[in-house]
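To keep things clear, I will list the structure first and then write my remarks on it.
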2 protein chains.
Amino acid sequence: MSFADRIRHCNSYDPAGVIPLSAGEHRIGWLRRDNAETLKRHDKVFRVKRDRAELTVEGSCDNVSRAVDAVVEDLVAERRIPKWRSETFDVARRWGEPPILRLDRGAVPFFGVRAYGIHVNGYCRDGDRYSLWIGRRAANKQVAPGKLDNLVAGGIGNGQSAAATLAKEAEEEASIDAALIARAIAVGALTYRMETKLGIRDDVMFVYDLEVPGDFAPRNTDGEISGFELMPLADVLERIRTTMDFKFNVNLVILDFAVRHGVLRPDDPEYLDVANGLHRPLD
Amino acid sequence: MSFADRIRHCNSYDPAGVIPLSAGEHRIGWLRRDNAETLKRHDKVFRVKRDRAELTVEGSCDNVSRAVDAVVEDLVAERRIPKWRSETFDVARRWGEPPILRLDRGAVPFFGVRAYGIHVNGYCRDGDRYSLWIGRRAANKQVAPGKLDNLVAGGIGNGQSAAATLAKEAEEEASIDAALIARAIAVGALTYRMETKLGIRDDVMFVYDLEVPGDFAPRNTDGEISGFELMPLADVLERIRTTMDFKFNVNLVILDFAVRHGVLRPDDPEYLDVANGLHRPLD
């Protein structure tokens, strides 16, 4: 068991098992071949060939979203997609560009479109000894139930900025008020691409560090976290290295924290695998 | 002109124009085809085929180094390599493993072996306004003469650790004593691969942040830096975006600083290109 194992876990998919999904000249997703096969029936919206698929509906974002939603509705009925999440993500050519469509969050891995989220390392510090506030995900979460999580994390919903998502999730997940979350510092972006039961996750995580006062204690209000604990970073790292207790992508966020704060150092034999491996090219 | 241009500049090489150089089962370098052609004459040390080349001498590091040095001597005489630098870098399968050979620094790009260096962001801070200590490289430097540089930077010589190189270069380049450099924090590693006149640079930069007191002033003692200036980070970033005043790889180190300290933020249209583009996969 090693740190690099956690990174590999988030980057394990078979490139030969997926085909690109395009809108016009731009690739917008990665379809696993079984999912592509399923889409062949929906030939008014998608054109599926052997080695690529295309979204053929054009027009306004509303128009394209409606057409794709109709397909998603069928896929949910066929149990290809577990259920509607009733929360939509923007699908765009690039981060920051106007969306081509809005897609129900539950359908994101089926189409393998890039999704964006925010993750917050909430930490206390005593000299060079760091502790992290760690949440435990509720047992009824659809993804990674019961696993350990960052203080705050969440997907960026349609039309939202990273900063707005940060403030909203901080309030809902941990009762962090506007004055405190304003002190969070954007510290980078991590990327991974991973096969799941449903398809492909092609994720970008915008990472924030938030140093919290010693008397701070997070309180969850949306039922997504069953409890929080302040853990010494050294213990967290050992647990990351030797267990699967943390949600898959949260391992990466905490490893990045350890690299940026000089807790993992160049003399560690895994240093380069970690410092470099958290950034998959945005192809 | 954009930040992404600076990153592209450090990652511009033609993969079709290079062939892998191996030692046993491990690739240790990238040979540009003209350099590979030149090596064909040295067939007691290298076996050059159409699409790959091998180092055929085996044995101790001393033994292999001697054999390759004899080739380098010829290459210097033929002006394929500008001159001996009389400083050697370790060539290993992976960072931290025992070296297969030691190679004169002047020959590193000819063979395209991976080289490691340290770079220090020396900064002062007033609230969220940062300033960086910037050096100007001496006019007689072999690489990037007269260009702007980090407070401290240097290659990791054979048998040295990153930490030992950091302390040595800090003393020689900027008269930073042991007590102050001990406060430098390792914050990550950046990677790029770039074609130069001489061949391929396949570089890893271990990056450190060092917050210096307001009354600190660096003083160069080894003649490699002609002067230092404390510059507001905002001005440095604008100069990076619009000029080539900084040494090619120093642009990357400072962009990483701006990302990690929340000066460049997710709402910048170039954010992902920068935050992700500083980390080339270690293939």
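Order determines the names: the first chain of the structure tokens is A, the second B, and so forth; residues in each chain are numbered 1 upward, and ligands are numbered 1 upward as they are shown.
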Please identify all polymer residues within 12 Å of segment 19-25 of chain A, counting only C-alpha atoms, omitting same-chain residues fewer than 5 positions from it, and present them as a PyMOL selection string. chain A and resi 14+30-37+39+45-59+64+91-93+99-101+110-114+199-200+283
Hey, what's within 8 Å of Asn158 of chain A if we count only C-alpha atoms and toss same-chain stuff fewer than 3 positions away? As JSON, numbers by chain, please? {"A": [88, 89, 90, 102]}
Residues of chain A within 9 Å of chain B, only C-alpha atoms counted, as an mmCIF file with all heavy atoms, in the first residue's frame:
```
data_model
loop_
_atom_site.group_PDB
_atom_site.id
_atom_site.type_symbol
_atom_site.label_atom_id
_atom_site.label_comp_id
_atom_site.auth_asym_id
_atom_site.auth_seq_id
_atom_site.Cartn_x
_atom_site.Cartn_y
_atom_site.Cartn_z
ATOM 1 N N TRP A 95 -13.599 25.064 -19.361
ATOM 2 C CA TRP A 95 -13.970 25.735 -18.121
ATOM 3 C C TRP A 95 -14.129 27.237 -18.380
ATOM 4 O O TRP A 95 -13.270 27.845 -19.004
ATOM 5 C CB TRP A 95 -12.892 25.496 -17.067
ATOM 6 C CG TRP A 95 -13.013 26.352 -15.833
ATOM 7 C CD1 TRP A 95 -12.158 27.333 -15.419
ATOM 8 C CD2 TRP A 95 -14.050 26.279 -14.838
ATOM 9 N NE1 TRP A 95 -12.595 27.877 -14.239
ATOM 10 C CE2 TRP A 95 -13.757 27.265 -13.861
ATOM 11 C CE3 TRP A 95 -15.194 25.497 -14.693
ATOM 12 C CZ2 TRP A 95 -14.557 27.466 -12.733
ATOM 13 C CZ3 TRP A 95 -16.003 25.707 -13.575
ATOM 14 C CH2 TRP A 95 -15.679 26.679 -12.618
ATOM 15 N N GLY A 96 -15.284 27.762 -17.975
ATOM 16 C CA GLY A 96 -15.494 29.200 -18.097
ATOM 17 C C GLY A 96 -16.226 29.606 -19.365
ATOM 18 O O GLY A 96 -16.687 30.732 -19.469
ATOM 19 N N GLU A 97 -16.345 28.684 -20.342
ATOM 20 C CA GLU A 97 -17.075 29.026 -21.563
ATOM 21 C C GLU A 97 -18.565 28.752 -21.385
ATOM 22 O O GLU A 97 -18.960 27.983 -20.506
ATOM 23 C CB GLU A 97 -16.530 28.220 -22.743
ATOM 24 C CG GLU A 97 -15.125 28.655 -23.118
ATOM 25 C CD GLU A 97 -14.731 28.198 -24.516
ATOM 26 O OE1 GLU A 97 -15.575 27.601 -25.223
ATOM 27 O OE2 GLU A 97 -13.577 28.439 -24.884
ATOM 28 N N SER A 161 -20.177 29.800 -10.028
ATOM 29 C CA SER A 161 -18.728 29.943 -10.032
ATOM 30 C C SER A 161 -18.148 29.041 -8.943
ATOM 31 O O SER A 161 -18.874 28.531 -8.083
ATOM 32 C CB SER A 161 -18.339 31.395 -9.744
ATOM 33 O OG SER A 161 -18.723 31.729 -8.421
ATOM 34 N N ALA A 162 -16.834 28.849 -8.996
ATOM 35 C CA ALA A 162 -16.172 28.099 -7.929
ATOM 36 C C ALA A 162 -16.376 28.803 -6.590
ATOM 37 O O ALA A 162 -16.687 28.165 -5.574
ATOM 38 C CB ALA A 162 -14.677 27.956 -8.245
ATOM 39 N N ALA A 163 -16.234 30.133 -6.583
ATOM 40 C CA ALA A 163 -16.340 30.883 -5.327
ATOM 41 C C ALA A 163 -17.744 30.778 -4.729
ATOM 42 O O ALA A 163 -17.899 30.625 -3.507
ATOM 43 C CB ALA A 163 -15.965 32.344 -5.574
ATOM 44 N N ALA A 184 -10.655 31.535 3.010
ATOM 45 C CA ALA A 184 -10.149 30.371 2.255
ATOM 46 C C ALA A 184 -9.299 30.859 1.087
ATOM 47 O O ALA A 184 -9.618 31.861 0.450
ATOM 48 C CB ALA A 184 -11.318 29.531 1.744
ATOM 49 N N ILE A 185 -8.214 30.161 0.828
ATOM 50 C CA ILE A 185 -7.293 30.539 -0.251
ATOM 51 C C ILE A 185 -7.337 29.482 -1.344
ATOM 52 O O ILE A 185 -7.180 28.289 -1.069
ATOM 53 C CB ILE A 185 -5.862 30.661 0.305
ATOM 54 C CG1 ILE A 185 -5.812 31.786 1.350
ATOM 55 C CG2 ILE A 185 -4.857 30.935 -0.818
ATOM 56 C CD1 ILE A 185 -4.518 31.826 2.125
ATOM 57 N N ALA A 186 -7.585 29.923 -2.589
ATOM 58 C CA ALA A 186 -7.514 29.001 -3.740
ATOM 59 C C ALA A 186 -6.058 28.616 -3.919
ATOM 60 O O ALA A 186 -5.191 29.483 -4.005
ATOM 61 C CB ALA A 186 -8.043 29.692 -4.992
ATOM 62 N N VAL A 187 -5.780 27.317 -3.952
ATOM 63 C CA VAL A 187 -4.376 26.868 -3.977
ATOM 64 C C VAL A 187 -4.047 25.962 -5.160
ATOM 65 O O VAL A 187 -2.921 25.467 -5.259
ATOM 66 C CB VAL A 187 -4.014 26.137 -2.658
ATOM 67 C CG1 VAL A 187 -4.006 27.123 -1.493
ATOM 68 C CG2 VAL A 187 -4.982 24.983 -2.396
ATOM 69 N N GLY A 188 -5.020 25.748 -6.064
ATOM 70 C CA GLY A 188 -4.681 24.949 -7.238
ATOM 71 C C GLY A 188 -5.843 24.104 -7.721
ATOM 72 O O GLY A 188 -6.977 24.211 -7.231
ATOM 73 N N ALA A 189 -5.565 23.273 -8.692
ATOM 74 C CA ALA A 189 -6.570 22.375 -9.259
ATOM 75 C C ALA A 189 -5.939 21.007 -9.472
ATOM 76 O O ALA A 189 -4.804 20.909 -9.936
ATOM 77 C CB ALA A 189 -7.089 22.929 -10.589
ATOM 78 N N LEU A 190 -6.666 19.959 -9.085
ATOM 79 C CA LEU A 190 -6.204 18.584 -9.266
ATOM 80 C C LEU A 190 -7.123 17.902 -10.277
ATOM 81 O O LEU A 190 -8.306 18.261 -10.389
ATOM 82 C CB LEU A 190 -6.239 17.829 -7.932
ATOM 83 C CG LEU A 190 -5.541 18.522 -6.762
ATOM 84 C CD1 LEU A 190 -5.625 17.660 -5.501
ATOM 85 C CD2 LEU A 190 -4.092 18.828 -7.093
ATOM 86 N N THR A 191 -6.583 16.945 -10.999
ATOM 87 C CA THR A 191 -7.361 16.297 -12.065
ATOM 88 C C THR A 191 -7.151 14.784 -12.034
ATOM 89 O O THR A 191 -6.066 14.304 -11.688
ATOM 90 C CB THR A 191 -6.915 16.825 -13.445
ATOM 91 O OG1 THR A 191 -5.488 16.746 -13.524
ATOM 92 C CG2 THR A 191 -7.327 18.263 -13.665
ATOM 93 N N VAL A 204 -12.220 17.646 -12.336
ATOM 94 C CA VAL A 204 -11.318 18.724 -11.918
ATOM 95 C C VAL A 204 -11.752 19.161 -10.526
ATOM 96 O O VAL A 204 -12.931 19.463 -10.309
ATOM 97 C CB VAL A 204 -11.406 19.927 -12.884
ATOM 98 C CG1 VAL A 204 -10.596 21.109 -12.348
ATOM 99 C CG2 VAL A 204 -10.941 19.535 -14.283
ATOM 100 N N PHE A 206 -11.125 22.027 -7.767
ATOM 101 C CA PHE A 206 -10.505 23.283 -7.335
ATOM 102 C C PHE A 206 -10.292 23.174 -5.827
ATOM 103 O O PHE A 206 -11.242 22.929 -5.084
ATOM 104 C CB PHE A 206 -11.415 24.471 -7.660
ATOM 105 C CG PHE A 206 -11.602 24.697 -9.135
ATOM 106 C CD1 PHE A 206 -12.827 24.451 -9.750
ATOM 107 C CD2 PHE A 206 -10.550 25.152 -9.927
ATOM 108 C CE1 PHE A 206 -13.007 24.660 -11.108
ATOM 109 C CE2 PHE A 206 -10.724 25.356 -11.299
ATOM 110 C CZ PHE A 206 -11.948 25.104 -11.883
ATOM 111 N N TYR A 208 -9.037 24.487 -2.033
ATOM 112 C CA TYR A 208 -8.887 25.647 -1.150
ATOM 113 C C TYR A 208 -8.305 25.199 0.184
ATOM 114 O O TYR A 208 -8.630 24.107 0.659
ATOM 115 C CB TYR A 208 -10.248 26.311 -0.890
ATOM 116 C CG TYR A 208 -10.886 26.902 -2.125
ATOM 117 C CD1 TYR A 208 -11.562 26.092 -3.036
ATOM 118 C CD2 TYR A 208 -10.801 28.272 -2.394
ATOM 119 C CE1 TYR A 208 -12.139 26.624 -4.185
ATOM 120 C CE2 TYR A 208 -11.379 28.802 -3.539
ATOM 121 C CZ TYR A 208 -12.046 27.980 -4.434
ATOM 122 O OH TYR A 208 -12.608 28.511 -5.560
ATOM 123 N N ASP A 256 -2.009 16.497 -1.760
ATOM 124 C CA ASP A 256 -1.583 17.793 -2.288
ATOM 125 C C ASP A 256 -1.310 18.773 -1.150
ATOM 126 O O ASP A 256 -0.323 19.522 -1.183
ATOM 127 C CB ASP A 256 -2.674 18.326 -3.225
ATOM 128 C CG ASP A 256 -2.384 19.726 -3.737
ATOM 129 O OD1 ASP A 256 -1.375 19.888 -4.436
ATOM 130 O OD2 ASP A 256 -3.153 20.648 -3.432
ATOM 131 N N ALA A 258 -0.288 18.007 1.848
ATOM 132 C CA ALA A 258 0.978 17.592 2.477
ATOM 133 C C ALA A 258 2.179 18.021 1.634
ATOM 134 O O ALA A 258 3.224 18.401 2.177
ATOM 135 C CB ALA A 258 0.985 16.080 2.689
ATOM 136 N N VAL A 259 2.038 17.984 0.313
ATOM 137 C CA VAL A 259 3.127 18.428 -0.570
ATOM 138 C C VAL A 259 3.309 19.943 -0.466
ATOM 139 O O VAL A 259 4.422 20.435 -0.290
ATOM 140 C CB VAL A 259 2.848 18.031 -2.033
ATOM 141 C CG1 VAL A 259 3.757 18.772 -2.998
ATOM 142 C CG2 VAL A 259 3.016 16.521 -2.207
ATOM 143 N N ARG A 260 2.218 20.692 -0.545
ATOM 144 C CA ARG A 260 2.329 22.156 -0.573
ATOM 145 C C ARG A 260 2.836 22.744 0.728
ATOM 146 O O ARG A 260 3.392 23.833 0.766
ATOM 147 C CB ARG A 260 0.993 22.792 -0.962
ATOM 148 C CG ARG A 260 0.660 22.640 -2.447
ATOM 149 C CD ARG A 260 -0.619 23.352 -2.816
ATOM 150 N NE ARG A 260 -1.802 22.759 -2.192
ATOM 151 C CZ ARG A 260 -2.381 23.191 -1.095
ATOM 152 N NH1 ARG A 260 -1.946 24.291 -0.485
ATOM 153 N NH2 ARG A 260 -3.424 22.562 -0.578
ATOM 154 N N HIS A 261 2.599 22.018 1.853
ATOM 155 C CA HIS A 261 3.031 22.536 3.153
ATOM 156 C C HIS A 261 4.337 21.911 3.632
ATOM 157 O O HIS A 261 4.694 22.039 4.802
ATOM 158 C CB HIS A 261 1.913 22.350 4.187
ATOM 159 C CG HIS A 261 0.723 23.245 3.926
ATOM 160 N ND1 HIS A 261 0.653 24.538 4.399
ATOM 161 C CD2 HIS A 261 -0.411 23.052 3.203
ATOM 162 C CE1 HIS A 261 -0.491 25.095 4.003
ATOM 163 N NE2 HIS A 261 -1.156 24.217 3.276
ATOM 164 N N GLY A 262 5.038 21.220 2.743
ATOM 165 C CA GLY A 262 6.355 20.699 3.112
ATOM 166 C C GLY A 262 6.313 19.568 4.114
ATOM 167 O O GLY A 262 7.309 19.310 4.805
ATOM 168 N N VAL A 263 5.173 18.878 4.228
ATOM 169 C CA VAL A 263 5.085 17.733 5.135
ATOM 170 C C VAL A 263 5.597 16.483 4.424
ATOM 171 O O VAL A 263 6.339 15.684 4.984
ATOM 172 C CB VAL A 263 3.636 17.568 5.646
ATOM 173 C CG1 VAL A 263 3.486 16.331 6.517
ATOM 174 C CG2 VAL A 263 3.222 18.836 6.403
ATOM 175 N N LEU A 264 5.205 16.312 3.171
ATOM 176 C CA LEU A 264 5.906 15.366 2.287
ATOM 177 C C LEU A 264 7.030 16.151 1.614
ATOM 178 O O LEU A 264 6.793 17.257 1.116
ATOM 179 C CB LEU A 264 4.963 14.836 1.196
ATOM 180 C CG LEU A 264 4.197 13.570 1.468
ATOM 181 C CD1 LEU A 264 3.319 13.242 0.265
ATOM 182 C CD2 LEU A 264 5.141 12.416 1.760
ATOM 183 N N ARG A 265 8.233 15.560 1.569
ATOM 184 C CA ARG A 265 9.396 16.313 1.065
ATOM 185 C C ARG A 265 10.126 15.546 -0.022
ATOM 186 O O ARG A 265 9.960 14.340 -0.152
ATOM 187 C CB ARG A 265 10.346 16.593 2.215
ATOM 188 C CG ARG A 265 9.697 17.468 3.245
ATOM 189 C CD ARG A 265 10.669 17.965 4.289
ATOM 190 N NE ARG A 265 9.872 18.502 5.386
ATOM 191 C CZ ARG A 265 10.231 18.517 6.657
ATOM 192 N NH1 ARG A 265 11.410 18.024 7.013
ATOM 193 N NH2 ARG A 265 9.432 19.006 7.574
ATOM 194 N N PRO A 266 10.986 16.260 -0.769
ATOM 195 C CA PRO A 266 11.667 15.613 -1.896
ATOM 196 C C PRO A 266 12.448 14.353 -1.529
ATOM 197 O O PRO A 266 12.695 13.518 -2.400
ATOM 198 C CB PRO A 266 12.611 16.715 -2.415
ATOM 199 C CG PRO A 266 11.902 17.982 -2.082
ATOM 200 C CD PRO A 266 11.224 17.727 -0.763
ATOM 201 N N ASP A 267 12.851 14.183 -0.257
ATOM 202 C CA ASP A 267 13.603 12.966 0.089
ATOM 203 C C ASP A 267 12.689 11.753 0.283
ATOM 204 O O ASP A 267 13.178 10.648 0.495
ATOM 205 C CB ASP A 267 14.505 13.196 1.311
ATOM 206 C CG ASP A 267 13.733 13.730 2.510
ATOM 207 O OD1 ASP A 267 12.491 13.848 2.412
ATOM 208 O OD2 ASP A 267 14.366 14.029 3.531
ATOM 209 N N ASP A 268 11.367 11.932 0.212
ATOM 210 C CA ASP A 268 10.464 10.780 0.267
ATOM 211 C C ASP A 268 10.506 10.067 -1.088
ATOM 212 O O ASP A 268 10.362 10.708 -2.137
ATOM 213 C CB ASP A 268 9.036 11.257 0.562
ATOM 214 C CG ASP A 268 8.081 10.101 0.826
ATOM 215 O OD1 ASP A 268 7.864 9.273 -0.096
ATOM 216 O OD2 ASP A 268 7.549 10.014 1.942
ATOM 217 N N PRO A 269 10.704 8.748 -1.094
ATOM 218 C CA PRO A 269 10.811 8.050 -2.391
ATOM 219 C C PRO A 269 9.567 8.196 -3.264
ATOM 220 O O PRO A 269 9.648 8.069 -4.488
ATOM 221 C CB PRO A 269 11.047 6.588 -2.003
ATOM 222 C CG PRO A 269 10.852 6.492 -0.532
ATOM 223 C CD PRO A 269 10.937 7.862 0.052
ATOM 224 N N TYR A 271 7.852 11.009 -3.484
ATOM 225 C CA TYR A 271 7.564 12.440 -3.638
ATOM 226 C C TYR A 271 7.141 12.834 -5.056
ATOM 227 O O TYR A 271 6.104 13.477 -5.253
ATOM 228 C CB TYR A 271 8.769 13.272 -3.222
ATOM 229 C CG TYR A 271 8.481 14.750 -3.137
ATOM 230 C CD1 TYR A 271 7.745 15.265 -2.080
ATOM 231 C CD2 TYR A 271 8.924 15.639 -4.104
ATOM 232 C CE1 TYR A 271 7.469 16.615 -1.989
ATOM 233 C CE2 TYR A 271 8.655 16.991 -4.023
ATOM 234 C CZ TYR A 271 7.922 17.476 -2.966
ATOM 235 O OH TYR A 271 7.644 18.820 -2.884
ATOM 236 N N LEU A 272 7.932 12.429 -6.035
ATOM 237 C CA LEU A 272 7.608 12.853 -7.408
ATOM 238 C C LEU A 272 6.320 12.216 -7.914
ATOM 239 O O LEU A 272 5.550 12.848 -8.630
ATOM 240 C CB LEU A 272 8.761 12.532 -8.357
ATOM 241 C CG LEU A 272 9.885 13.556 -8.389
ATOM 242 C CD1 LEU A 272 10.883 13.199 -9.466
ATOM 243 C CD2 LEU A 272 9.326 14.957 -8.624
ATOM 244 N N ASP A 273 6.100 10.953 -7.545
ATOM 245 C CA ASP A 273 4.849 10.305 -7.961
ATOM 246 C C ASP A 273 3.649 11.075 -7.436
ATOM 247 O O ASP A 273 2.619 11.196 -8.107
ATOM 248 C CB ASP A 273 4.784 8.869 -7.429
ATOM 249 C CG ASP A 273 5.822 7.969 -8.073
ATOM 250 O OD1 ASP A 273 6.205 8.248 -9.219
ATOM 251 O OD2 ASP A 273 6.253 7.002 -7.428
ATOM 252 N N ALA A 275 3.691 14.472 -6.053
ATOM 253 C CA ALA A 275 3.664 15.900 -6.418
ATOM 254 C C ALA A 275 3.257 16.073 -7.884
ATOM 255 O O ALA A 275 2.582 17.037 -8.245
ATOM 256 C CB ALA A 275 5.034 16.536 -6.171
ATOM 257 N N ASN A 276 3.662 15.130 -8.723
ATOM 258 C CA ASN A 276 3.357 15.262 -10.148
ATOM 259 C C ASN A 276 2.073 14.512 -10.545
ATOM 260 O O ASN A 276 1.366 14.924 -11.454
ATOM 261 C CB ASN A 276 4.537 14.722 -10.961
ATOM 262 C CG ASN A 276 4.583 15.311 -12.343
ATOM 263 O OD1 ASN A 276 4.709 16.516 -12.469
ATOM 264 N ND2 ASN A 276 4.449 14.463 -13.348
ATOM 265 N N GLY A 277 1.783 13.417 -9.840
ATOM 266 C CA GLY A 277 0.695 12.531 -10.259
ATOM 267 C C GLY A 277 -0.703 13.055 -9.989
ATOM 268 O O GLY A 277 -1.682 12.465 -10.441
ATOM 269 N N LEU A 278 -0.797 14.156 -9.253
ATOM 270 C CA LEU A 278 -2.115 14.705 -8.929
ATOM 271 C C LEU A 278 -2.671 15.555 -10.068
ATOM 272 O O LEU A 278 -3.778 16.074 -9.967
ATOM 273 C CB LEU A 278 -2.013 15.553 -7.656
ATOM 274 C CG LEU A 278 -1.488 14.801 -6.421
ATOM 275 C CD1 LEU A 278 -1.203 15.773 -5.283
ATOM 276 C CD2 LEU A 278 -2.500 13.744 -5.970
ATOM 277 N N HIS A 279 -1.896 15.672 -11.151
ATOM 278 C CA HIS A 279 -2.264 16.563 -12.246
ATOM 279 C C HIS A 279 -2.262 15.793 -13.555
ATOM 280 O O HIS A 279 -1.228 15.651 -14.187
ATOM 281 C CB HIS A 279 -1.278 17.729 -12.326
ATOM 282 C CG HIS A 279 -1.101 18.452 -11.023
ATOM 283 N ND1 HIS A 279 -1.901 19.503 -10.658
ATOM 284 C CD2 HIS A 279 -0.261 18.251 -9.992
ATOM 285 C CE1 HIS A 279 -1.538 19.935 -9.462
ATOM 286 N NE2 HIS A 279 -0.531 19.192 -9.036
ATOM 287 N N ARG A 280 -3.411 15.272 -13.922
ATOM 288 C CA ARG A 280 -3.541 14.583 -15.199
ATOM 289 C C ARG A 280 -3.722 15.614 -16.307
ATOM 290 O O ARG A 280 -4.487 16.564 -16.143
ATOM 291 C CB ARG A 280 -4.774 13.683 -15.122
ATOM 292 C CG ARG A 280 -4.945 12.834 -16.329
ATOM 293 C CD ARG A 280 -6.250 12.071 -16.338
ATOM 294 N NE ARG A 280 -6.168 11.168 -17.442
ATOM 295 C CZ ARG A 280 -5.678 9.944 -17.356
ATOM 296 N NH1 ARG A 280 -5.310 9.457 -16.202
ATOM 297 N NH2 ARG A 280 -5.571 9.195 -18.422
ATOM 298 N N PRO A 281 -3.038 15.440 -17.449
ATOM 299 C CA PRO A 281 -3.214 16.426 -18.530
ATOM 300 C C PRO A 281 -4.690 16.572 -18.914
ATOM 301 O O PRO A 281 -5.429 15.591 -18.927
ATOM 302 C CB PRO A 281 -2.402 15.825 -19.694
ATOM 303 C CG PRO A 281 -1.409 14.917 -19.061
ATOM 304 C CD PRO A 281 -2.090 14.369 -17.831
ATOM 305 N N LEU A 282 -5.083 17.788 -19.232
ATOM 306 C CA LEU A 282 -6.481 18.064 -19.600
ATOM 307 C C LEU A 282 -6.678 17.801 -21.085
ATOM 308 O O LEU A 282 -6.963 18.709 -21.858
ATOM 309 C CB LEU A 282 -6.830 19.514 -19.264
ATOM 310 C CG LEU A 282 -6.970 19.814 -17.772
ATOM 311 C CD1 LEU A 282 -6.987 21.308 -17.533
ATOM 312 C CD2 LEU A 282 -8.248 19.182 -17.229
#
```
Would you mind listing what lies within 9 Å of Arg183 of chain A as a short mmCIF file (atom, residue, chain, number, x, y, z; two decimals) with C-alpha atoms, in the first residue's frame, with only C-alpha atoms counted and same-chain residues fewer than 4 positions away left out?
```cif
data_model
loop_
_atom_site.label_atom_id
_atom_site.label_comp_id
_atom_site.auth_asym_id
_atom_site.auth_seq_id
_atom_site.Cartn_x
_atom_site.Cartn_y
_atom_site.Cartn_z
CA ALA A 178 -19.28 34.17 5.07
CA ALA A 179 -16.58 35.91 7.13
CA ASP A 209 -7.00 25.84 2.15
CA LEU A 210 -8.83 27.32 5.14
CA GLU A 211 -7.01 27.82 8.43
CA VAL A 212 -9.66 27.77 11.16
#
```
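Taking atom CA of Ile176 of chain B and atom CA of Asn121 of chain B as the two end points, the separation is 13.0 Å.
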Need to verify the contact set: Asp149 of chain A, 12 Å, only C-alpha atoms, exclusion of same-chain residues closer than 3 positions in sequence. Can you return it as a PyMOL selection string? chain A and resi 119-122+132-138+143-146+152-154+173-174+224-231+236+240+244-254
